[in-house]
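Colleague: Sharing a structure below in C-alpha cells format, with a few things to ask.
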Amino acid sequence: MILDIYKDALEYSAKDWKTLVILGVICLFSFLFLPAFLITGFNYRVINTAVHGIINGRDPLPGFDDPIDMFIDGVKVVIVQVIYLLVPMIIFLVFALIAGHISGIASGVLIFIGCLITLVVGVAACLMSQMGICHMAYNDGAFSKAFALSEIKEVIDEIGWFECILTYIGLIIIVFVISVVVTTLIGIIFALFGVSGAFLGVDPSGILLLGTFINSTIAMFIVGPYLSIFASRSMGLLYTMQI
Amino acid sequence: MASITDCVVEGLKYPFKDINKLLIFGVLFAVISALSTFIGAKSLDIFRAAVHINEMNNGTLSQIPFSQLPTGDIYLVVGLTIVAFIVSLLIMGYQYDIIKFSINKKEDLPGFGDIWAMFVNGIKYFIVILAYNIIPMLVLVVGTAFTGESSVLPIIIFISMLLFIIAYFLLLMALNNMIAHDSLKKAFDFREIIDNISNLGRGKYVGIILFTLIVMMIISVAVGFILSFITVLFAAIINNQAFVISIVIAIIEGLFIDSYMGLFFNRVCGSIYRESIK
C-alpha cells in the first residue's frame with residue numbers, strides 16, 4: 001500500500017515539467033512573501049485532486065488559473081499548520097518554564113520528559129495537520145473541518161496510525177535522499193569537469209562556480225517543486241486509503 | 001457557498017471589476033496620505049519652533065504667547081486637518097456604499113455621483129464608530145488618570161484592550177445592520193446584532209474576520225516589501241529629497257493599496273452580513 005502511494009506520487013509529479021518550472025519561478029519570487037502562499041495553495045490543489053481521485057488513476061496536474069483562489073487556499077493551509085504546530089510548542093514552553101524555576105536533578109528530568117512529550121505530540125500534530133488539510137480539502141475547503149479532531153482521528157484510525165507514521169517518515173527519507181542524490185550527482189559531474197579541466201591547464205574555479213549555479217537552479221526549478229508535489233500527492237493519497 | 005472563505009476570495013476579486021472606480025477611490029486615499037504626511041512635517045516644524053523659543057526664554061511651554069509661534073503654519077495645519085477630516089468622511093461614505101452593494105449582492109462598484117449623500121453616509125458611519133469606541137476609550141482615559149502609575153495600570157490597559165476588541169467585533173456587525181436597514185437606530189439594536197452574530201455562529205464570525213485581517217496583513221507586508229524597494233530606487237535617483245520620496249510613496253500606497261484594501265474589507269463585511277441573515 002505504502003509503496004503504491006510512493007509509486008503513484010513519483011509518477012504523478014513528473015507528468016508535466018512546465019508546471020515544475022512555473023512553480024520554480026514562483027519560488028524564485030517568494031522573497032516577496034506573497035508568492036510563498038501561492039506555492040502552498042498549489043500544493044493544496046494537488047491534495048484536493050488526490051483526495052477526490054483514486055490511486056493510479058489518471059488525475060491531471062492542477063492548473064494555475066485563478067491565482068486569488070490559490071492564494072486564499074494557501075493562507076488557509078498555513079494557518080492550519082501554524083495552529084497545529086502551536087500545540088507542541090506551547091507544551092514545550094510550559095515544561096521549560098517549570099523546569100527553569102526548580103533546580104537540581106529534578107529540572108533535568110523534567111526537561112527530558114518534556115522533550116519526550118513534545119516529540120510525541122509534535123509527530124501527532126504534524127500528522128494531524130496534514131490529515132486535517134486533506135479532510136478540509138475533502139469537505140470542499142470548509143475551514144472548521146480542518147479542526148474536527150474526532151473526525152480526523154477516525155480517519156487516521158481507519159488508515160492505521162502505524163501506516164500513517166511509516167508513510168510520513170518514508171516521505172521524509174525519500175525527499176531527503178532524492179535531494180541529496182541529485183545535488184551530489186551534479187556536484188560530482190562538475191568536479192570531474194573541473195579536475196579534468198585543471199589537468200588541461202584551464203582555471204577550474206569558473207567551472208566549479210558554474211556547477212554551483214546549475215546545482216541551485218536545478219534544485220529550485222525542478223527538484224524542489226517536484227518534491228513538494230510528490231509530498232502533497234502522497235499525503236492526499238494516504239487520506240484516500242481509509243477503508 | 002461551500003465555505004465562508006469563499007467570501008474572502010470573492011472580496012479579493014471584487015476591486016478588479018472596475019479599475020477606474022478603484023482609482024478614483026484611491027485618489028481620496030492618496031489625498032489623505034499626502035495631507036497627513038504634510039501635516040506631520042508641518043507640526044514638527046511648529047513643535048521645533050516652540051521648543052526653540054522655550055529654550056531662549058527659559059520658560060515652560062504654556063507660557064509662550066501665541067503670537068510668538070509660527071501662526072501661519074498653525075492655521076495651515078488646522079485648515080489641512082479639517083480638509084483631511086472631510087475627505088475621510090467621504091471615504092467612510094463610500095465604504096458605506098460598498099457594504100450596501102455587497103449586502104444587496106450587486107456585482108458592480110458603487111459610483112461617485114452623489115457627493116452629498118456620500119458625505120451624510122460618512123457622518124453616520126463616523127458616529128457609529130465613535131459611539132462604539134467611546135466606552136473602552138473612557139475606561140482607558142479615566143483609568144489612567146485615576147490610577148496613575150500604580151500596579152493597577154496594566155490591568156486597566158488590558159481591560160480596555162479587551163473592550164476595544166469586543167467593541168470592534170460588535171462594531172462591524174452594527175455597521176452592517178445599520179446599512180442594511182438604512183437607519184442609524186439599527187446600529188444600536190444590540191439584540192438584533194447579537195442575534196445576527198449567533199445566527200452565523202460566534203466562532204465562525206470571529207474566525208472569518210480574523211482570517212480576513214490575516215489576509216490583509218499578508219498583503220500589506222508583501223506590498224511593504226515592494227514599496228520599500230521602490231523607495232530605495234527613488235532614493236538612488238533623487239538625492240537628498242526624503243520628503244518628496246515619502247510623499248510619492250504615500251500617494252502610491254493610497255492610490256492602489258489602501259483603496260484596494262478598503263474595497264476588499266468592506267465587501268467581505270457585507271458578505272458576512274448576507275451570510276448571517278440567511
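Scheme for the C-alpha cells: letters A, B, ... for chains in order shown; per-chain residue numbers from 1; ligand numbers from 1 in order shown.
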Counting only C-alpha atoms, which residues from chain B have an atom at most 10 Å from any atom of chain A, and could you show them as a PyMOL selection string?
Modeller: chain B and resi 1-6+8-13+203-204+207-208+211-212+214-215+218-226
Colleague: Find the spatial neighbours of Pro15 in chain B, counting only C-alpha atoms, within a cut-off of 7 Å - ignore same-chain residues fewer than 2 positions away - and output them as a list of chain:residue names.
Modeller: B:Leu12, B:Lys13, B:Lys17, B:Asp18, B:Ile19, B:Leu22, B:Tyr260, B:Leu263, B:Phe264
Colleague: Could you check the closest approach to Gly236 in chain A for each of A:Gln130, A:Thr183, A:Thr19, A:Ser13 and tell me which residue wins, using only C-alpha atoms?
Modeller: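 For Gly236 in chain A, the nearest of the candidates is A:Gln130.
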Colleague: Give me the residues within 12 Å of range 107-117 of chain A as a PyMOL selection string, counting only C-alpha atoms and dropping any in the same chain fewer than 2 places off.
Modeller: chain A and resi 87-105+119-125
Colleague: Suppose we keep C-alpha atoms; can you now write the selection as a compact mmCIF listing (two decimals), in the first residue's frame?
Modeller:
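Just written: out-v8.txt:
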# COMPACT_ATOMS: atom_id res chain seq x y z
CA VAL A 87 0.30 22.89 20.44
CA PRO A 88 3.67 21.09 20.87
CA MET A 89 5.45 24.42 21.07
CA ILE A 90 3.25 25.58 23.95
CA ILE A 91 3.70 22.24 25.73
CA PHE A 92 7.47 22.55 25.42
CA LEU A 93 7.40 26.14 26.64
CA VAL A 94 5.33 25.19 29.69
CA PHE A 95 7.78 22.44 30.58
CA ALA A 96 10.75 24.72 30.05
CA LEU A 97 9.21 27.41 32.23
CA ILE A 98 8.51 24.99 35.07
CA ALA A 99 11.96 23.45 34.76
CA GLY A 100 13.51 26.89 34.90
CA HIS A 101 12.01 27.53 38.32
CA ILE A 102 13.24 24.37 40.01
CA SER A 103 16.86 23.39 40.34
CA GLY A 104 18.98 20.27 40.59
CA ILE A 105 18.37 16.92 39.01
CA LEU A 119 8.33 14.84 20.37
CA VAL A 120 5.30 12.55 20.57
CA VAL A 121 2.83 15.41 20.41
CA GLY A 122 4.83 17.02 17.63
CA VAL A 123 4.71 13.92 15.44
CA ALA A 124 1.00 13.59 16.15
CA ALA A 125 0.46 17.27 15.40
Colleague: Please provide as JSON, numbers by chain all residues within 8 Å of range 145-162 of chain A, with the sequence filter that same-chain residues fewer than 2 positions apart are discarded (counting only C-alpha atoms).
Modeller: {"A": [80, 128, 129, 131, 132, 133, 134, 135, 136, 139, 141, 142, 143, 164, 165, 166, 238, 239, 241, 242, 243]}
